[in-house]
file query39.txt (compact mmCIF, C-alpha atoms and all ligand atoms)
# COMPACT_ATOMS: atom_id res chain seq x y z
CA MET Y 3 180.91 120.11 140.46
CA PHE Y 4 183.68 121.21 142.74
CA CYS Y 5 183.80 123.30 145.88
CA THR Y 6 184.77 126.89 145.10
CA SER Y 7 186.83 127.07 148.33
CA CYS Y 8 188.78 123.80 148.49
CA ASP Y 9 188.14 122.23 145.05
CA ALA Y 10 186.73 119.03 146.61
CA ARG Y 11 184.08 117.14 144.65
CA LEU Y 12 180.46 118.09 145.49
CA HIS Y 13 177.64 115.51 145.59
CA LEU Y 14 173.93 115.93 144.83
CA ALA Y 15 173.18 113.98 148.02
CA ASP Y 16 174.59 116.94 149.98
CA ILE Y 17 172.06 119.50 148.68
CA GLU Y 18 170.77 121.48 151.66
CA SER Y 19 168.28 123.68 149.83
CA GLU Y 20 167.12 124.79 146.40
CA ARG Y 21 165.99 128.21 145.21
CA ARG Y 22 163.83 127.94 142.09
CA TYR Y 23 163.62 130.56 139.32
CA GLY Y 24 161.08 129.21 136.85
CA LEU Y 25 162.69 126.14 135.29
CA GLY Y 26 166.12 127.11 136.59
CA SER Y 27 167.40 126.56 140.11
CA ILE Y 28 170.26 127.40 142.40
CA LEU Y 29 171.28 124.40 144.49
CA PHE Y 30 173.00 125.01 147.81
CA ILE Y 31 175.43 122.15 148.33
CA ARG Y 32 177.51 121.71 151.49
CA CYS Y 33 181.14 120.73 150.94
CA GLN Y 34 181.84 117.47 152.79
CA ASN Y 35 185.52 118.27 153.31
CA SER Y 36 185.60 118.49 157.13
CA VAL Y 37 188.16 121.31 157.05
CA CYS Y 38 186.11 123.38 154.58
CA SER Y 39 182.35 122.76 155.04
CA SER Y 40 181.47 125.76 152.93
CA LEU Y 41 178.06 126.14 151.28
CA ASN Y 42 178.33 126.30 147.47
CA ASP Y 43 175.65 127.77 145.21
CA VAL Y 44 175.40 125.77 142.00
CA LYS Y 45 173.26 127.03 139.11
CA THR Y 46 171.42 124.41 137.06
CA GLY Y 47 171.89 126.31 133.79
CA LYS Y 48 173.36 129.34 132.08
CA ARG Y 49 172.14 132.79 133.07
CA ASN Y 50 172.10 136.02 131.09
CA ASN Y 51 171.71 139.25 133.09
CA GLY Y 52 170.38 137.20 136.00
CA THR Y 53 167.77 135.38 133.90
CA PHE Y 54 168.09 131.65 133.33
CA ASP Y 55 168.35 130.93 129.60
CA ILE Y 56 165.84 128.09 130.00
CA ASN Y 57 163.18 130.63 131.05
CA SER Y 58 163.93 132.88 128.06
CA LYS Y 59 163.74 129.84 125.78
CA LEU Y 60 160.45 128.80 127.36
CA SER Y 61 159.00 132.25 126.64
CA LEU Y 62 160.28 132.09 123.08
CA ALA Y 63 158.60 128.69 122.70
CA MET Y 64 155.40 130.24 124.08
CA VAL Y 65 155.53 132.99 121.41
CA HIS Y 66 156.54 130.55 118.69
CA THR Y 67 153.71 128.11 119.37
CA GLY Y 68 151.10 130.77 120.07
CA MET Y 69 150.38 129.46 123.56
CA GLY Y 70 149.77 131.59 126.64
CA PRO Y 71 151.13 131.21 130.17
CA VAL Y 72 148.20 128.98 131.21
CA GLN Y 73 148.78 126.53 128.36
CA ILE Y 74 152.54 126.55 129.04
CA ASN Y 75 151.93 125.70 132.71
CA ASN Y 76 149.45 122.97 131.73
CA LEU Y 77 152.13 121.53 129.45
CA LEU Y 78 154.74 121.70 132.24
CA ALA Y 79 152.33 120.06 134.70
CA THR Y 80 151.71 117.23 132.24
CA LEU Y 81 155.48 116.70 132.01
CA ASN Y 82 155.75 116.77 135.85
CA LEU Y 83 157.82 119.94 135.67
CA PRO Y 84 157.32 122.83 138.09
CA PRO Y 85 155.11 125.72 136.92
CA VAL Y 86 156.53 129.13 135.97
CA VAL Y 87 154.89 132.28 137.33
CA SER Y 88 152.83 134.00 134.60
CA SER Y 89 154.40 137.42 135.21
CA THR Y 90 157.87 135.92 134.62
CA LEU Y 91 156.75 134.45 131.29
CA LYS Y 92 155.06 137.71 130.24
CA ARG Y 93 158.15 139.78 131.15
CA ARG Y 94 160.37 137.56 129.03
CA GLU Y 95 157.75 137.62 126.24
CA GLN Y 96 157.84 141.44 126.13
CA LYS Y 97 161.62 141.37 125.80
CA ILE Y 98 161.37 138.80 123.00
CA ASP Y 99 158.60 140.77 121.24
CA THR Y 100 160.79 143.87 121.10
CA THR Y 101 163.68 141.86 119.70
CA LEU Y 102 161.49 140.06 117.14
CA GLU Y 103 159.99 143.36 115.99
CA THR Y 104 163.43 144.90 115.48
CA VAL Y 105 164.66 141.86 113.54
CA ALA Y 106 161.46 141.69 111.44
CA LYS Y 107 161.66 145.39 110.53
CA LYS Y 108 165.30 145.07 109.57
CA SER Y 109 164.53 141.99 107.49
CA CYS Y 110 161.62 143.73 105.74
CA LEU Y 111 163.77 146.75 104.93
CA GLU Y 112 166.56 144.58 103.53
CA ALA Y 113 164.05 142.62 101.42
CA GLN Y 114 162.57 145.86 100.11
CA LYS Y 115 165.99 147.25 99.24
CA GLU Y 116 166.78 144.05 97.37
CA GLU Y 117 163.44 144.18 95.57
CA ILE Y 118 164.03 147.77 94.49
CA GLU Y 119 167.56 146.99 93.32
CA LYS Y 120 166.44 144.00 91.27
CA GLY Y 121 163.15 145.39 90.03
CA ASN Y 122 164.10 148.96 89.25
CA GLY Y 123 167.58 149.83 88.08
CA LYS Y 124 167.19 153.60 88.31
CA ALA Y 125 167.03 156.00 91.25
CA LYS Y 126 167.75 153.25 93.83
CA GLU Y 127 169.13 155.49 96.54
CA LYS Y 128 166.27 157.97 96.17
CA ASN Y 129 163.69 155.22 96.73
CA ILE Y 130 165.48 153.84 99.79
CA THR Y 131 165.69 157.32 101.30
CA MET Y 132 161.97 157.70 100.72
CA MET Y 133 161.22 154.40 102.51
CA THR Y 134 162.79 155.51 105.75
CA SER Y 135 161.20 158.98 105.76
CA ASP Y 136 157.51 159.82 105.56
CA VAL Y 137 155.87 156.50 104.66
CA ASN Y 138 152.27 157.73 104.44
CA PHE Y 139 152.91 159.99 101.45
CA MET Y 140 154.81 157.43 99.43
CA PRO Y 141 153.43 155.41 96.56
CA ILE Y 142 152.58 152.03 98.06
CA LYS Y 143 155.38 150.21 96.21
CA PHE Y 144 157.96 152.32 98.06
CA ARG Y 145 156.50 151.84 101.56
CA PRO Y 146 158.12 149.49 104.09
CA ILE Y 147 156.84 145.96 103.51
CA GLU Y 148 155.18 145.67 106.96
CA ASP Y 149 153.22 148.84 106.14
CA VAL Y 150 152.16 147.33 102.82
CA ILE Y 151 151.08 144.08 104.52
CA LEU Y 152 149.04 146.05 107.07
CA HIS Y 153 147.50 148.12 104.27
CA PHE Y 154 146.26 145.00 102.47
CA TRP Y 155 145.13 143.33 105.68
CA LYS Y 156 143.02 146.38 106.48
CA LYS Y 157 141.68 146.51 102.94
CA SER Y 158 140.67 142.84 103.04
CA GLY Y 159 139.27 143.02 106.57
CA VAL Y 160 141.87 140.79 108.26
CA VAL Y 161 142.54 143.62 110.71
CA SER Y 162 140.33 146.60 111.55
CA GLY Y 163 140.97 150.19 110.45
CA SER Y 164 140.89 152.06 107.20
CA PRO Y 165 143.54 151.13 104.61
ZN ZN Y 201 185.15 122.84 150.23

call {"tool": "encode", "arguments": {"input": "query39.txt", "output": "structure tokens", "more": "lines below"}}
Ligand SMILES: [Zn+2]
result
Amino acid sequence: MFCTSCDARLHLADIESERRYGLGSILFIRCQNSVCSSLNDVKTGKRNNGTFDINSKLSLAMVHTGMGPVQINNLLATLNLPPVVSSTLKRREQKIDTTLETVAKKSCLEAQKEEIEKGNGKAKEKNITMMTSDVNFMPIKFRPIEDVILHFWKKSGVVSGSP
């Protein structure tokens, strides 16, 4: 770490204050060069649109493991790490959910296209056009795969609603 004003080396012993953002922090370190003495803000990790990557990754881990904010904070407390505010975790989770949904839909559509191409050599383009239009009036084998999964889940009682 070097001073942004005079390029002198900064030391952790010279931290004057810390501003925490979940698991990320900004350290305010005073330059010990007597001519400079400027206060440098040093981030403890990468940020993306103002959000520390470590907090996004923590929320992704929360989604991946099926834990909630309370369990995540219990885990952090056990590791002697500072807690993260629940609203911060939930906000990042919503962003991740939207991204995961988009990726999953795209993946399902690609898998279905591949299935149609390999399983049925005729009228490929027609079937693909049908998938992206009115799904409820299609024969089930031409519906998007997530719709088919939901249909069978409803039929077998895994989720509520009529198939
Ligand atoms: Zn300096």

call {"tool": "residues_near_ligand", "arguments": {"input": "query39.txt", "ligand": "ligand ZN 201 (chain Y)", "cutoff": "12 Å", "atoms": "all atoms listed in the file", "output": "list in words"}}
result
Met3, Phe4, Cys5, Thr6, Ser7, Cys8, Asp9, Ala10, Arg11, Leu12, His13, Ile31, Arg32, Cys33, Gln34, Asn35, Ser36, Val37, Cys38, Ser39, Ser40, Leu41, Asn42 and Asp43 of chain Y

call {"tool": "closest_residue", "arguments": {"input": "query39.txt", "among": "Y:Cys110, Y:Leu25, Y:Ile17, Y:Ile98", "to": "Y:Asn57", "atoms": "only C-alpha atoms"}}
result
Y:Leu25

call {"tool": "axis_aligned_box", "arguments": {"input": "query39.txt", "around": "stretch 52-55 of chain Y", "padding_each_side": "4 Å", "output": "AutoDock Vina command-line options"}}
result
--center_x 169.1 --center_y 134.1 --center_z 132.8 --size_x 10.6 --size_y 14.3 --size_z 14.4

call {"tool": "atom_distance", "arguments": {"input": "query39.txt", "atom1": "atom CA of Y:Leu91", "atom2": "atom CA of Y:Met64"}}
result
8.5 Å

call {"tool": "residues_near_point", "arguments": {"input": "query39.txt", "point": "(155.8, 120.9, 130.2)", "cutoff": "12 Å", "atoms": "all atoms listed in the file", "output": "PyMOL selection string"}}
result
chain Y and resi 24-25+60+63-64+71-86

call {"tool": "atom_distance", "arguments": {"input": "query39.txt", "atom1": "atom CA of Y:Val65", "atom2": "atom CA of Y:Tyr23"}}
result
19.8 Å

call {"tool": "atom_distance", "arguments": {"input": "query39.txt", "atom1": "atom CA of Y:Gly70", "atom2": "atom CA of Y:Ser58"}}
result
14.3 Å
